[in-house]
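What follows is the content of final.txt (compact mmCIF, C-alpha atoms).
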# COMPACT_ATOMS: atom_id res chain seq x y z
CA MET A 1 -42.03 -2.55 56.36
CA ALA A 2 -41.62 -5.56 58.58
CA PRO A 3 -42.96 -8.93 57.40
CA SER A 4 -45.63 -8.97 60.12
CA GLU A 5 -46.84 -5.57 59.02
CA ALA A 6 -46.87 -6.49 55.34
CA THR A 7 -48.94 -9.61 55.82
CA GLY A 8 -51.22 -8.23 58.49
CA GLY A 9 -50.01 -10.79 61.06
CA GLY A 10 -47.98 -10.51 64.24
CA PRO A 11 -48.65 -8.40 67.31
CA ALA A 12 -49.88 -5.45 65.22
CA ASP A 13 -52.84 -7.55 64.05
CA PRO A 14 -55.56 -7.58 66.73
CA ALA A 15 -57.16 -10.72 65.33
CA SER A 16 -53.99 -12.64 66.07
CA SER A 17 -53.89 -11.87 69.78
CA VAL A 18 -57.42 -11.76 71.16
CA VAL A 19 -60.09 -14.36 71.85
CA PRO A 20 -59.65 -17.60 69.86
CA GLU A 21 -61.66 -17.83 66.66
CA ALA A 22 -63.72 -20.74 68.02
CA GLU A 23 -65.37 -18.33 70.47
CA HIS A 24 -66.41 -16.02 67.65
CA PRO A 25 -68.61 -18.01 65.24
CA GLU A 26 -69.54 -14.85 63.39
CA HIS A 27 -65.86 -14.27 62.62
CA ARG A 28 -65.45 -17.86 61.40
CA GLU A 29 -68.51 -17.50 59.17
CA HIS A 30 -67.15 -14.29 57.73
CA SER A 31 -63.84 -16.04 56.88
CA GLU A 32 -65.58 -18.89 55.09
CA HIS A 33 -68.04 -16.66 53.23
CA PRO A 34 -66.30 -13.34 52.61
CA GLU A 35 -68.64 -10.42 52.10
CA HIS A 36 -65.89 -8.31 50.60
CA PRO A 37 -64.43 -10.09 47.54
CA GLU A 38 -62.57 -6.93 46.57
CA HIS A 39 -60.57 -7.24 49.80
CA ALA A 40 -59.74 -10.86 48.97
CA ALA A 41 -58.59 -9.81 45.51
CA GLN A 42 -56.43 -7.03 46.92
CA PHE A 43 -54.86 -9.33 49.49
CA GLY A 44 -54.27 -11.97 46.79
CA ALA A 45 -52.36 -9.44 44.69
CA GLN A 46 -50.37 -8.32 47.73
CA GLU A 47 -49.58 -11.91 48.66
CA ARG A 48 -48.36 -12.57 45.12
CA ILE A 49 -46.02 -9.59 45.21
CA LEU A 50 -44.66 -10.42 48.67
CA THR A 51 -43.99 -14.00 47.60
CA LEU A 52 -41.96 -12.68 44.68
CA VAL A 53 -40.11 -10.10 46.76
CA TRP A 54 -39.16 -12.73 49.31
CA GLY A 55 -38.24 -15.33 46.71
CA TYR A 56 -34.60 -14.91 47.70
CA ILE A 57 -35.48 -16.17 51.19
CA SER A 58 -36.78 -19.42 49.71
CA SER A 59 -33.54 -19.74 47.75
CA GLU A 60 -31.48 -19.11 50.87
CA ILE A 61 -33.44 -21.80 52.72
CA LEU A 62 -32.60 -24.29 49.97
CA ASP A 63 -28.99 -23.15 49.93
CA LEU A 64 -28.51 -23.55 53.67
CA ALA A 65 -30.42 -26.83 53.83
CA THR A 66 -28.20 -28.42 51.19
CA ARG A 67 -25.00 -26.93 52.66
CA LEU A 68 -25.94 -28.40 56.04
CA ASP A 69 -26.88 -31.70 54.37
CA LEU A 70 -30.20 -31.37 56.17
CA PRO A 71 -32.17 -33.52 53.68
CA ASP A 72 -29.54 -36.28 53.87
CA ARG A 73 -29.68 -36.25 57.67
CA MET A 74 -33.47 -36.43 57.63
CA GLY A 75 -33.41 -39.37 55.23
CA THR A 76 -36.55 -41.50 55.17
CA GLU A 77 -37.36 -41.21 58.86
CA GLU A 78 -39.35 -38.78 60.97
CA ARG A 79 -36.85 -36.64 62.84
CA ALA A 80 -37.18 -34.27 65.79
CA ALA A 81 -35.95 -30.71 65.38
CA THR A 82 -33.93 -31.02 68.61
CA GLU A 83 -32.24 -34.17 67.31
CA LEU A 84 -31.36 -32.48 64.03
CA ALA A 85 -30.05 -29.41 65.83
CA THR A 86 -27.69 -31.59 67.87
CA ALA A 87 -26.45 -33.37 64.74
CA LEU A 88 -25.97 -30.09 62.88
CA ASP A 89 -24.55 -28.18 65.88
CA THR A 90 -27.16 -25.46 65.39
CA ASP A 91 -29.41 -23.53 67.74
CA PRO A 92 -32.47 -25.69 68.58
CA VAL A 93 -35.05 -22.91 68.38
CA ALA A 94 -33.61 -21.46 65.18
CA THR A 95 -33.46 -24.97 63.68
CA LEU A 96 -37.13 -25.51 64.46
CA ARG A 97 -37.95 -22.23 62.73
CA LEU A 98 -35.88 -23.26 59.71
CA LEU A 99 -37.63 -26.62 59.52
CA ARG A 100 -41.06 -25.03 59.69
CA ALA A 101 -40.17 -22.65 56.86
CA PHE A 102 -38.76 -25.64 54.96
CA ALA A 103 -42.08 -27.42 55.50
CA SER A 104 -44.09 -24.38 54.42
CA LEU A 105 -42.34 -24.62 51.04
CA GLY A 106 -43.68 -28.15 50.59
CA LEU A 107 -40.33 -29.84 51.22
CA ALA A 108 -41.25 -31.44 54.55
CA GLU A 109 -44.25 -31.94 56.78
CA GLU A 110 -44.51 -31.44 60.51
CA THR A 111 -45.96 -34.79 61.56
CA GLY A 112 -46.11 -33.87 65.24
CA THR A 113 -45.04 -30.85 67.21
CA GLY A 114 -41.36 -30.35 66.38
CA ARG A 115 -41.12 -33.56 64.34
CA PHE A 116 -40.56 -33.56 60.58
CA ARG A 117 -40.51 -35.89 57.59
CA LEU A 118 -39.41 -35.09 54.03
CA THR A 119 -42.03 -34.85 51.29
CA PRO A 120 -41.37 -36.39 47.84
CA ALA A 121 -40.03 -33.01 46.70
CA GLY A 122 -37.82 -32.77 49.77
CA HIS A 123 -36.36 -36.21 49.09
CA ARG A 124 -35.04 -34.91 45.77
CA LEU A 125 -32.74 -32.57 47.70
CA ARG A 126 -30.89 -35.57 49.15
CA SER A 127 -27.57 -36.35 47.51
CA ASP A 128 -27.98 -40.12 47.86
CA VAL A 129 -31.16 -40.76 45.83
CA PRO A 130 -31.38 -41.66 42.12
CA ASP A 131 -33.51 -38.64 41.22
CA SER A 132 -31.49 -36.15 43.28
CA LEU A 133 -31.46 -32.44 42.43
CA HIS A 134 -28.88 -31.68 45.11
CA ALA A 135 -26.16 -30.56 42.69
CA PHE A 136 -28.67 -28.56 40.67
CA VAL A 137 -29.53 -26.58 43.78
CA ARG A 138 -25.85 -26.11 44.58
CA GLN A 139 -25.05 -24.74 41.11
CA GLY A 140 -27.82 -22.18 41.51
CA MET A 141 -26.13 -20.67 44.56
CA GLY A 142 -22.80 -19.20 45.59
CA VAL A 143 -20.58 -18.14 42.70
CA PHE A 144 -23.29 -18.94 40.21
CA ARG A 145 -25.54 -16.21 41.67
CA GLN A 146 -23.02 -13.41 41.87
CA ALA A 147 -23.62 -12.17 38.33
CA TRP A 148 -27.17 -11.20 39.32
CA SER A 149 -25.76 -8.29 41.30
CA HIS A 150 -25.19 -6.74 37.86
CA PHE A 151 -28.50 -7.83 36.33
CA ASP A 152 -29.09 -4.28 35.11
CA HIS A 153 -25.94 -4.51 32.97
CA SER A 154 -27.47 -7.35 30.98
CA ILE A 155 -30.75 -5.51 30.50
CA ARG A 156 -29.04 -2.27 29.48
CA THR A 157 -26.55 -3.88 27.07
CA GLY A 158 -27.96 -7.30 26.13
CA GLU A 159 -24.64 -8.80 27.26
CA PRO A 160 -23.93 -11.32 30.05
CA ALA A 161 -23.28 -9.78 33.44
CA PHE A 162 -21.11 -12.78 34.38
CA ASP A 163 -18.29 -11.58 32.12
CA GLN A 164 -18.30 -8.17 33.76
CA VAL A 165 -18.24 -9.60 37.29
CA PHE A 166 -15.59 -12.28 36.73
CA GLY A 167 -13.58 -10.86 33.84
CA THR A 168 -14.15 -13.93 31.68
CA ASP A 169 -17.05 -15.87 30.21
CA PHE A 170 -19.01 -18.52 32.09
CA PHE A 171 -17.50 -21.63 30.49
CA SER A 172 -13.92 -20.31 30.59
CA TYR A 173 -14.40 -19.65 34.29
CA LEU A 174 -15.63 -23.21 34.83
CA SER A 175 -12.63 -24.62 32.98
CA GLU A 176 -10.37 -22.77 35.42
CA HIS A 177 -12.26 -24.05 38.49
CA PRO A 178 -12.59 -27.86 38.29
CA GLU A 179 -14.71 -28.16 41.43
CA LEU A 180 -17.31 -25.72 40.12
CA SER A 181 -17.16 -27.39 36.72
CA GLY A 182 -17.89 -30.72 38.38
CA THR A 183 -20.86 -29.25 40.24
CA PHE A 184 -22.22 -27.75 37.03
CA THR A 185 -21.83 -31.02 35.10
CA SER A 186 -23.51 -32.96 37.91
CA SER A 187 -26.36 -30.46 37.99
CA MET A 188 -26.93 -30.84 34.26
CA ARG A 189 -26.95 -34.62 34.65
CA GLU A 190 -29.53 -34.34 37.42
CA ALA A 191 -31.70 -31.93 35.48
CA THR A 192 -31.79 -34.12 32.37
CA ARG A 193 -31.78 -37.62 33.89
CA THR A 194 -35.52 -38.19 33.76
CA MET A 195 -35.87 -36.39 30.45
CA SER A 196 -33.04 -38.43 28.87
CA THR A 197 -34.74 -41.70 29.74
CA ALA A 198 -38.05 -40.44 28.38
CA LEU A 199 -36.46 -39.13 25.17
CA ALA A 200 -34.62 -42.40 24.52
CA LYS A 201 -37.92 -44.30 24.70
CA GLU A 202 -40.07 -41.66 23.02
CA GLN A 203 -42.27 -43.40 20.46
CA GLU A 204 -42.63 -40.24 18.39
CA TYR A 205 -38.90 -40.28 17.62
CA ASP A 206 -37.25 -43.50 16.48
CA PHE A 207 -33.55 -43.52 17.33
CA SER A 208 -33.26 -47.08 16.06
CA ALA A 209 -33.44 -45.69 12.51
CA TYR A 210 -29.91 -44.33 12.88
CA GLY A 211 -26.67 -46.29 12.90
CA THR A 212 -24.56 -43.73 14.77
CA VAL A 213 -25.82 -40.99 17.07
CA VAL A 214 -23.44 -38.12 17.85
CA ASP A 215 -24.32 -36.16 21.00
CA ILE A 216 -22.75 -32.72 20.62
CA GLY A 217 -22.06 -31.14 24.00
CA GLY A 218 -23.00 -34.47 25.55
CA ALA A 219 -21.19 -33.80 28.85
CA ASP A 220 -21.04 -36.95 31.01
CA GLY A 221 -22.83 -39.09 28.41
CA SER A 222 -26.12 -39.55 30.30
CA LEU A 223 -28.30 -38.85 27.28
CA LEU A 224 -26.35 -41.06 24.91
CA ALA A 225 -26.22 -43.85 27.49
CA ALA A 226 -30.02 -43.76 27.71
CA VAL A 227 -30.40 -43.81 23.93
CA LEU A 228 -27.98 -46.69 23.42
CA GLY A 229 -29.49 -48.59 26.32
CA ALA A 230 -32.94 -48.38 24.75
CA HIS A 231 -31.73 -49.18 21.21
CA PRO A 232 -29.22 -52.07 21.13
CA GLY A 233 -28.51 -51.68 17.40
CA VAL A 234 -27.31 -48.09 17.67
CA GLN A 235 -23.75 -46.86 18.21
CA GLY A 236 -22.81 -43.45 19.54
CA VAL A 237 -20.29 -40.70 20.14
CA VAL A 238 -20.18 -38.20 23.01
CA PHE A 239 -18.47 -34.99 22.00
CA ASP A 240 -17.62 -32.21 24.45
CA SER A 241 -14.69 -30.25 25.83
CA PRO A 242 -12.13 -32.24 27.82
CA GLU A 243 -13.56 -30.84 31.05
CA GLY A 244 -17.18 -31.40 30.04
CA ALA A 245 -16.65 -35.00 28.88
CA ARG A 246 -14.45 -35.98 31.83
CA ASP A 247 -16.93 -38.52 33.21
CA ALA A 248 -18.49 -39.65 29.94
CA ALA A 249 -16.52 -42.88 29.50
CA ALA A 250 -17.39 -43.96 33.05
CA THR A 251 -21.09 -43.19 32.51
CA LEU A 252 -21.22 -45.14 29.27
CA GLY A 253 -19.33 -48.05 30.80
CA ALA A 254 -21.58 -48.17 33.84
CA ALA A 255 -24.62 -48.25 31.54
CA GLY A 256 -23.22 -51.27 29.72
CA VAL A 257 -22.87 -49.49 26.38
CA GLY A 258 -19.15 -48.76 26.43
CA GLU A 259 -18.43 -51.15 23.56
CA ARG A 260 -20.90 -49.35 21.31
CA SER A 261 -19.71 -45.85 22.06
CA ARG A 262 -16.70 -43.61 22.21
CA VAL A 263 -15.81 -40.22 23.63
CA GLU A 264 -14.21 -37.46 21.59
CA THR A 265 -13.19 -34.04 22.84
CA GLY A 266 -12.72 -30.70 21.18
CA ASP A 267 -14.37 -27.36 20.50
CA PHE A 268 -17.75 -27.43 18.76
CA PHE A 269 -17.10 -23.94 17.40
CA THR A 270 -14.24 -25.41 15.38
CA GLN A 271 -14.95 -29.04 14.48
CA VAL A 272 -17.17 -31.96 15.50
CA PRO A 273 -16.94 -35.66 14.61
CA GLY A 274 -17.98 -36.50 11.07
CA GLY A 275 -19.79 -39.50 9.66
CA GLY A 276 -22.73 -39.61 12.05
CA ASP A 277 -26.29 -40.42 11.05
CA LEU A 278 -28.01 -38.34 13.72
CA TYR A 279 -26.52 -35.31 15.46
CA VAL A 280 -28.11 -34.25 18.74
CA LEU A 281 -27.93 -30.81 20.35
CA LYS A 282 -29.73 -31.08 23.67
CA SER A 283 -29.95 -27.81 25.65
CA ILE A 284 -26.88 -26.45 23.89
CA LEU A 285 -28.07 -23.60 21.69
CA HIS A 286 -29.85 -21.84 24.55
CA ASP A 287 -26.44 -21.32 26.19
CA TRP A 288 -25.34 -19.06 23.35
CA SER A 289 -26.25 -15.90 21.46
CA ASP A 290 -27.75 -16.15 17.99
CA ALA A 291 -24.36 -15.46 16.41
CA ARG A 292 -22.54 -18.14 18.43
CA SER A 293 -25.40 -20.60 17.97
CA ALA A 294 -25.11 -20.06 14.23
CA ASP A 295 -21.39 -20.85 14.47
CA ILE A 296 -22.19 -24.15 16.21
CA LEU A 297 -24.80 -25.07 13.63
CA ARG A 298 -22.45 -24.32 10.74
CA THR A 299 -19.76 -26.53 12.31
CA VAL A 300 -22.25 -29.37 12.69
CA ARG A 301 -23.54 -28.83 9.15
CA ALA A 302 -20.01 -29.12 7.77
CA ALA A 303 -19.49 -32.49 9.53
CA MET A 304 -22.82 -34.05 8.52
CA PRO A 305 -23.16 -36.44 5.60
CA ALA A 306 -25.94 -35.56 3.17
CA HIS A 307 -28.25 -38.25 4.57
CA ALA A 308 -27.80 -37.28 8.22
CA ARG A 309 -30.31 -35.52 10.42
CA LEU A 310 -29.98 -32.95 13.21
CA LEU A 311 -32.15 -33.20 16.34
CA ILE A 312 -32.38 -30.12 18.54
CA VAL A 313 -33.90 -30.63 21.99
CA GLU A 314 -34.90 -27.33 23.60
CA VAL A 315 -37.67 -25.60 25.51
CA LEU A 316 -39.67 -23.52 23.04
CA LEU A 317 -41.16 -20.25 24.18
CA PRO A 318 -44.59 -19.31 22.83
CA ASP A 319 -44.80 -16.35 20.46
CA LYS A 320 -46.79 -14.45 23.07
CA VAL A 321 -46.99 -14.70 26.85
CA ASP A 322 -50.46 -15.71 27.98
CA SER A 323 -52.06 -17.40 30.97
CA SER A 324 -50.79 -20.80 29.84
CA ALA A 325 -47.14 -19.73 29.72
CA HIS A 326 -45.02 -21.22 32.49
CA PRO A 327 -42.70 -18.76 34.26
CA LEU A 328 -39.80 -21.23 34.30
CA GLY A 329 -39.15 -20.76 30.59
CA TYR A 330 -38.81 -17.01 31.01
CA LEU A 331 -36.74 -17.30 34.17
CA SER A 332 -34.42 -19.64 32.31
CA ASP A 333 -34.27 -17.14 29.44
CA LEU A 334 -32.95 -14.44 31.79
CA TYR A 335 -30.60 -16.91 33.50
CA MET A 336 -29.03 -17.58 30.10
CA LEU A 337 -28.75 -13.86 29.37
CA VAL A 338 -27.13 -12.95 32.68
CA ASN A 339 -24.69 -15.85 32.93
CA MET A 340 -23.93 -16.96 29.39
CA GLY A 341 -25.35 -14.47 26.93
CA GLY A 342 -27.71 -17.12 25.59
CA ARG A 343 -31.49 -17.24 25.32
CA GLU A 344 -34.53 -19.47 25.14
CA ARG A 345 -36.16 -19.33 21.71
CA SER A 346 -39.47 -19.76 19.96
CA GLU A 347 -40.06 -22.28 17.21
CA GLN A 348 -39.76 -19.52 14.61
CA ASP A 349 -36.47 -18.35 16.13
CA LEU A 350 -34.98 -21.81 15.69
CA ARG A 351 -36.42 -22.25 12.21
CA SER A 352 -34.73 -19.00 11.19
CA LEU A 353 -31.42 -20.03 12.74
CA LEU A 354 -31.53 -23.35 10.93
CA SER A 355 -32.42 -21.76 7.61
CA ASP A 356 -29.57 -19.27 7.94
CA THR A 357 -27.02 -22.02 8.60
CA GLY A 358 -27.77 -24.46 5.80
CA PHE A 359 -30.60 -26.56 7.24
CA ARG A 360 -34.21 -27.23 6.42
CA THR A 361 -36.57 -27.91 9.32
CA THR A 362 -38.35 -31.21 8.68
CA ARG A 363 -40.62 -31.46 11.73
CA VAL A 364 -41.26 -30.11 15.20
CA LEU A 365 -42.59 -32.47 17.87
CA THR A 366 -43.91 -31.64 21.33
CA PRO A 367 -44.48 -35.07 22.93
CA PRO A 368 -46.41 -34.78 26.23
CA GLY A 369 -43.93 -37.15 27.87
CA LEU A 370 -41.07 -34.69 27.28
CA THR A 371 -42.73 -31.56 28.69
CA PRO A 372 -41.43 -28.84 28.67
CA PHE A 373 -39.03 -29.87 25.88
CA SER A 374 -39.70 -29.98 22.14
CA LEU A 375 -37.87 -31.80 19.36
CA ILE A 376 -36.83 -29.87 16.26
CA GLU A 377 -35.54 -32.06 13.45
CA ALA A 378 -33.64 -30.71 10.46
CA GLU A 379 -31.72 -31.95 7.44
CA PRO A 380 -28.95 -30.40 5.35
CA ALA A 381 -30.50 -28.03 2.84
How would this structure read if it were set down as structure tokens?
Amino acid sequence: MAPSEATGGGPADPASSVVPEAEHPEHREHSEHPEHPEHAAQFGAQERILTLVWGYISSEILDLATRLDLPDRMGTEERAATELATALDTDPVATLRLLRAFASLGLAEETGTGRFRLTPAGHRLRSDVPDSLHAFVRQGMGVFRQAWSHFDHSIRTGEPAFDQVFGTDFFSYLSEHPELSGTFTSSMREATRTMSTALAKEQEYDFSAYGTVVDIGGADGSLLAAVLGAHPGVQGVVFDSPEGARDAAATLGAAGVGERSRVETGDFFTQVPGGGDLYVLKSILHDWSDARSADILRTVRAAMPAHARLLIVEVLLPDKVDSSAHPLGYLSDLYMLVNMGGRERSEQDLRSLLSDTGFRTTRVLTPPGLTPFSLIEAEPA
């Protein structure tokens, strides 16, 4: 079925090609006050399904827009489609169609015929703005999407499809491809930048109570930099693989906290730095299966002094899907399954993991300012 047929538009739809609606007031009245609510409900359901089926088209629009650097070229100004087509060396008519689809997704607005300006969401696709999500979009495309061609393998076996497609696991593959690893690290920094600042200043959790904070899997150090910046009396350690922590020293130095921090590298399945007062695992456990997550927790438990605390920062899934459940948590859950073999978890899932690995959960916080993340604190049992 062609798109025009599925939506009821296009030449096959008589209403789209006859006398303008303004000349038919009875038709306009019918549109504003439908006499057939069952038809509206049916069309609403159909529209929902078509939007989901064509979700890949939205992704491809984002992919192409960022590959062409379209948001960067648009910048803060209103730009004509013809002007952008010349700059991009693309077909003018096709470019206009792309821009209109881009605008229909809420990423731009057509301010005049053939003239466009980025919306606030569209600006976040630029690579040159502080709150950019450019790298995050890039890591969702290309190589990172190929495992989904074997999605059924993950559902049939419960194992990551990525390993089957590439012959190695996700993180080993990144370590062998520095450019992709850099894109992934940048995307994680972008995705957590706002959250890191909010967490560091979160009144419900007092980081100033701890002398040394150890960020396990801390990547480029963005989270620790935010914590140390907000709490001058705290010192910190970023711990990650050599590839993951490659930019951490520069991040900490640029934030002005280099003298109160250090970077250590290694394998958190084997050993992590000892002597810390607070150990942080932010969006780490969801990368791994229950068995591998338990291995990480046991390693951290072995390094922790008796007085230390563990802070897990994760998205918690509700025990049951209802109308309040946001799809992103469940989409992320499947992303973790397909690519890494990990999963998003419920509060009870994490409590059980902690109990099985020598911890006692002390409190669970869901500060509104950290939505959709929760804080799970634990101490050595």
**OP:** Give as a ChimeraX atom specification the set of residues within 12 Å of the point (-40.5, -30.6, 10.5), where distances use the file's coordinates and all atoms listed in the file.
**Re:** /A:309-312,347-348,350-351,354,359-366,374-379
Save the residues we just selected, C-alpha atoms, as a short mmCIF file (atom, residue, chain, number, x, y, z; two decimals), keeping the file's coordinate frame?
data_model
loop_
_atom_site.label_atom_id
_atom_site.label_comp_id
_atom_site.auth_asym_id
_atom_site.auth_seq_id
_atom_site.Cartn_x
_atom_site.Cartn_y
_atom_site.Cartn_z
CA ARG A 309 -30.31 -35.52 10.42
CA LEU A 310 -29.98 -32.95 13.21
CA LEU A 311 -32.15 -33.20 16.34
CA ILE A 312 -32.38 -30.12 18.54
CA GLU A 347 -40.06 -22.28 17.21
CA GLN A 348 -39.76 -19.52 14.61
CA LEU A 350 -34.98 -21.81 15.69
CA ARG A 351 -36.42 -22.25 12.21
CA LEU A 354 -31.53 -23.35 10.93
CA PHE A 359 -30.60 -26.56 7.24
CA ARG A 360 -34.21 -27.23 6.42
CA THR A 361 -36.57 -27.91 9.32
CA THR A 362 -38.35 -31.21 8.68
CA ARG A 363 -40.62 -31.46 11.73
CA VAL A 364 -41.26 -30.11 15.20
CA LEU A 365 -42.59 -32.47 17.87
CA THR A 366 -43.91 -31.64 21.33
CA SER A 374 -39.70 -29.98 22.14
CA LEU A 375 -37.87 -31.80 19.36
CA ILE A 376 -36.83 -29.87 16.26
CA GLU A 377 -35.54 -32.06 13.45
CA ALA A 378 -33.64 -30.71 10.46
CA GLU A 379 -31.72 -31.95 7.44
#
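In this comparison, which uses only C-alpha atoms, the residue of A:Leu224, A:Ala81, A:Ala94, A:Ala41 approaching A:Met195 most closely is A:Leu224.
Nearest residue to A:Glu83, choosing from A:Phe268, A:Phe102, A:Phe116, A:Tyr330 and counting only C-alpha atoms: A:Phe116.
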Subject >> Residues near stretch 274-285 of chain A, cut-off 10 Å, all atoms listed in the file, skip fewer than 4 positions along chain, as a PyMOL selection string >> reply: chain A and resi 188+192+196+207+209-218+223-224+235-238+289-290+292-294+296-297+300-315+342-345+350+373+375-379
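Nearest-residue note for A:Thr194: choosing from A:Asp131, A:Glu77, A:Asp247, A:Glu109, the minimum distance belongs to A:Asp131, counting all atoms listed in the file.
In this model, the gap between atom CA of A:Glu110 and atom CA of A:Thr95 comes to 13.2 Å.
Among the candidates A:Ala225, A:Gln139, A:Asp267, A:Ser187, the residue lying nearest to A:Ala249 is A:Ala225 (atoms considered: all atoms listed in the file).
For the pair atom CA of A:Ser261 and atom CA of A:Thr197, the separation is 17.4 Å.
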Subject >> Using all atoms listed in the file: which of A:Phe43, A:Trp288, A:Phe184, A:Tyr56 has the shortest distance to A:Met340 >> reply: A:Trp288
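Each of A:Gly358, A:Val234, A:Gly114, A:Arg145 was checked against A:Ser59 using all atoms listed in the file; the smallest atom-to-atom distance is that of A:Arg145.
One finds atom CA of A:Trp148 at 27.7 Å from atom CA of A:Thr371.
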Subject >> Neighbour residues at most 12 Å from (-30.1, -38.7, 46.5) (all atoms listed in the file) as a ChimeraX atom specification >> reply: /A:66,69,71-76,120-136,190
**OP:** Show which residues sit within 10 Å of A:Leu68, as a VMD selection string. Count all atoms listed in the file, and ignore same-chain residues fewer than 5 positions away.
**Re:** chain A and resid 62 to 63 73 88 to 90
Selection export as an mmCIF file, in the frame of the given file, atoms kept: C-alpha atoms:
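Result file is again_28.cif:
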data_model
loop_
_atom_site.group_PDB
_atom_site.id
_atom_site.type_symbol
_atom_site.label_atom_id
_atom_site.label_comp_id
_atom_site.auth_asym_id
_atom_site.auth_seq_id
_atom_site.Cartn_x
_atom_site.Cartn_y
_atom_site.Cartn_z
ATOM 1 C CA LEU A 62 -32.600 -24.290 49.970
ATOM 2 C CA ASP A 63 -28.990 -23.150 49.930
ATOM 3 C CA ARG A 73 -29.680 -36.250 57.670
ATOM 4 C CA LEU A 88 -25.970 -30.090 62.880
ATOM 5 C CA ASP A 89 -24.550 -28.180 65.880
ATOM 6 C CA THR A 90 -27.160 -25.460 65.390
#
Kindly complete stretch 363-368 of chain A to all heavy atoms; the output should be written as a PDB file, keeping the file's coordinate frame.
ATOM      1  N   ARG A 363     -39.456 -31.320  10.866  1.00  0.00           N
ATOM      2  CA  ARG A 363     -40.620 -31.460  11.730  1.00  0.00           C
ATOM      3  C   ARG A 363     -40.293 -30.930  13.122  1.00  0.00           C
ATOM      4  O   ARG A 363     -39.131 -30.877  13.526  1.00  0.00           O
ATOM      5  CB  ARG A 363     -41.095 -32.912  11.812  1.00  0.00           C
ATOM      6  CG  ARG A 363     -40.031 -33.920  12.187  1.00  0.00           C
ATOM      7  CD  ARG A 363     -40.613 -35.328  12.258  1.00  0.00           C
ATOM      8  NE  ARG A 363     -39.581 -36.334  12.423  1.00  0.00           N
ATOM      9  CZ  ARG A 363     -39.786 -37.547  12.902  1.00  0.00           C
ATOM     10  NH1 ARG A 363     -41.011 -37.908  13.272  1.00  0.00           N
ATOM     11  NH2 ARG A 363     -38.790 -38.418  12.998  1.00  0.00           N
ATOM     12  N   VAL A 364     -41.351 -30.561  13.823  1.00  0.00           N
ATOM     13  CA  VAL A 364     -41.260 -30.110  15.200  1.00  0.00           C
ATOM     14  C   VAL A 364     -42.254 -30.932  16.008  1.00  0.00           C
ATOM     15  O   VAL A 364     -43.447 -30.973  15.689  1.00  0.00           O
ATOM     16  CB  VAL A 364     -41.581 -28.603  15.331  1.00  0.00           C
ATOM     17  CG1 VAL A 364     -41.548 -28.173  16.797  1.00  0.00           C
ATOM     18  CG2 VAL A 364     -40.601 -27.776  14.518  1.00  0.00           C
ATOM     19  N   LEU A 365     -41.757 -31.598  17.040  1.00  0.00           N
ATOM     20  CA  LEU A 365     -42.590 -32.470  17.870  1.00  0.00           C
ATOM     21  C   LEU A 365     -42.621 -31.933  19.297  1.00  0.00           C
ATOM     22  O   LEU A 365     -41.604 -31.462  19.808  1.00  0.00           O
ATOM     23  CB  LEU A 365     -42.032 -33.895  17.879  1.00  0.00           C
ATOM     24  CG  LEU A 365     -41.867 -34.581  16.519  1.00  0.00           C
ATOM     25  CD1 LEU A 365     -41.128 -35.907  16.690  1.00  0.00           C
ATOM     26  CD2 LEU A 365     -43.221 -34.821  15.872  1.00  0.00           C
ATOM     27  N   THR A 366     -43.778 -32.030  19.915  1.00  0.00           N
ATOM     28  CA  THR A 366     -43.910 -31.640  21.330  1.00  0.00           C
ATOM     29  C   THR A 366     -44.578 -32.782  22.092  1.00  0.00           C
ATOM     30  O   THR A 366     -45.729 -32.651  22.525  1.00  0.00           O
ATOM     31  CB  THR A 366     -44.734 -30.349  21.464  1.00  0.00           C
ATOM     32  OG1 THR A 366     -46.008 -30.542  20.812  1.00  0.00           O
ATOM     33  CG2 THR A 366     -44.017 -29.176  20.833  1.00  0.00           C
ATOM     34  N   PRO A 367     -43.893 -33.907  22.237  1.00  0.00           N
ATOM     35  CA  PRO A 367     -44.480 -35.070  22.930  1.00  0.00           C
ATOM     36  C   PRO A 367     -44.828 -34.730  24.376  1.00  0.00           C
ATOM     37  O   PRO A 367     -44.003 -34.145  25.102  1.00  0.00           O
ATOM     38  CB  PRO A 367     -43.368 -36.118  22.868  1.00  0.00           C
ATOM     39  CG  PRO A 367     -42.471 -35.671  21.746  1.00  0.00           C
ATOM     40  CD  PRO A 367     -42.529 -34.176  21.783  1.00  0.00           C
ATOM     41  N   PRO A 368     -46.020 -35.080  24.838  1.00  0.00           N
ATOM     42  CA  PRO A 368     -46.410 -34.780  26.230  1.00  0.00           C
ATOM     43  C   PRO A 368     -45.441 -35.360  27.250  1.00  0.00           C
ATOM     44  O   PRO A 368     -45.220 -34.762  28.301  1.00  0.00           O
ATOM     45  CB  PRO A 368     -47.799 -35.441  26.339  1.00  0.00           C
ATOM     46  CG  PRO A 368     -48.323 -35.499  24.949  1.00  0.00           C
ATOM     47  CD  PRO A 368     -47.113 -35.726  24.085  1.00  0.00           C
TER      48      PRO A 368
END
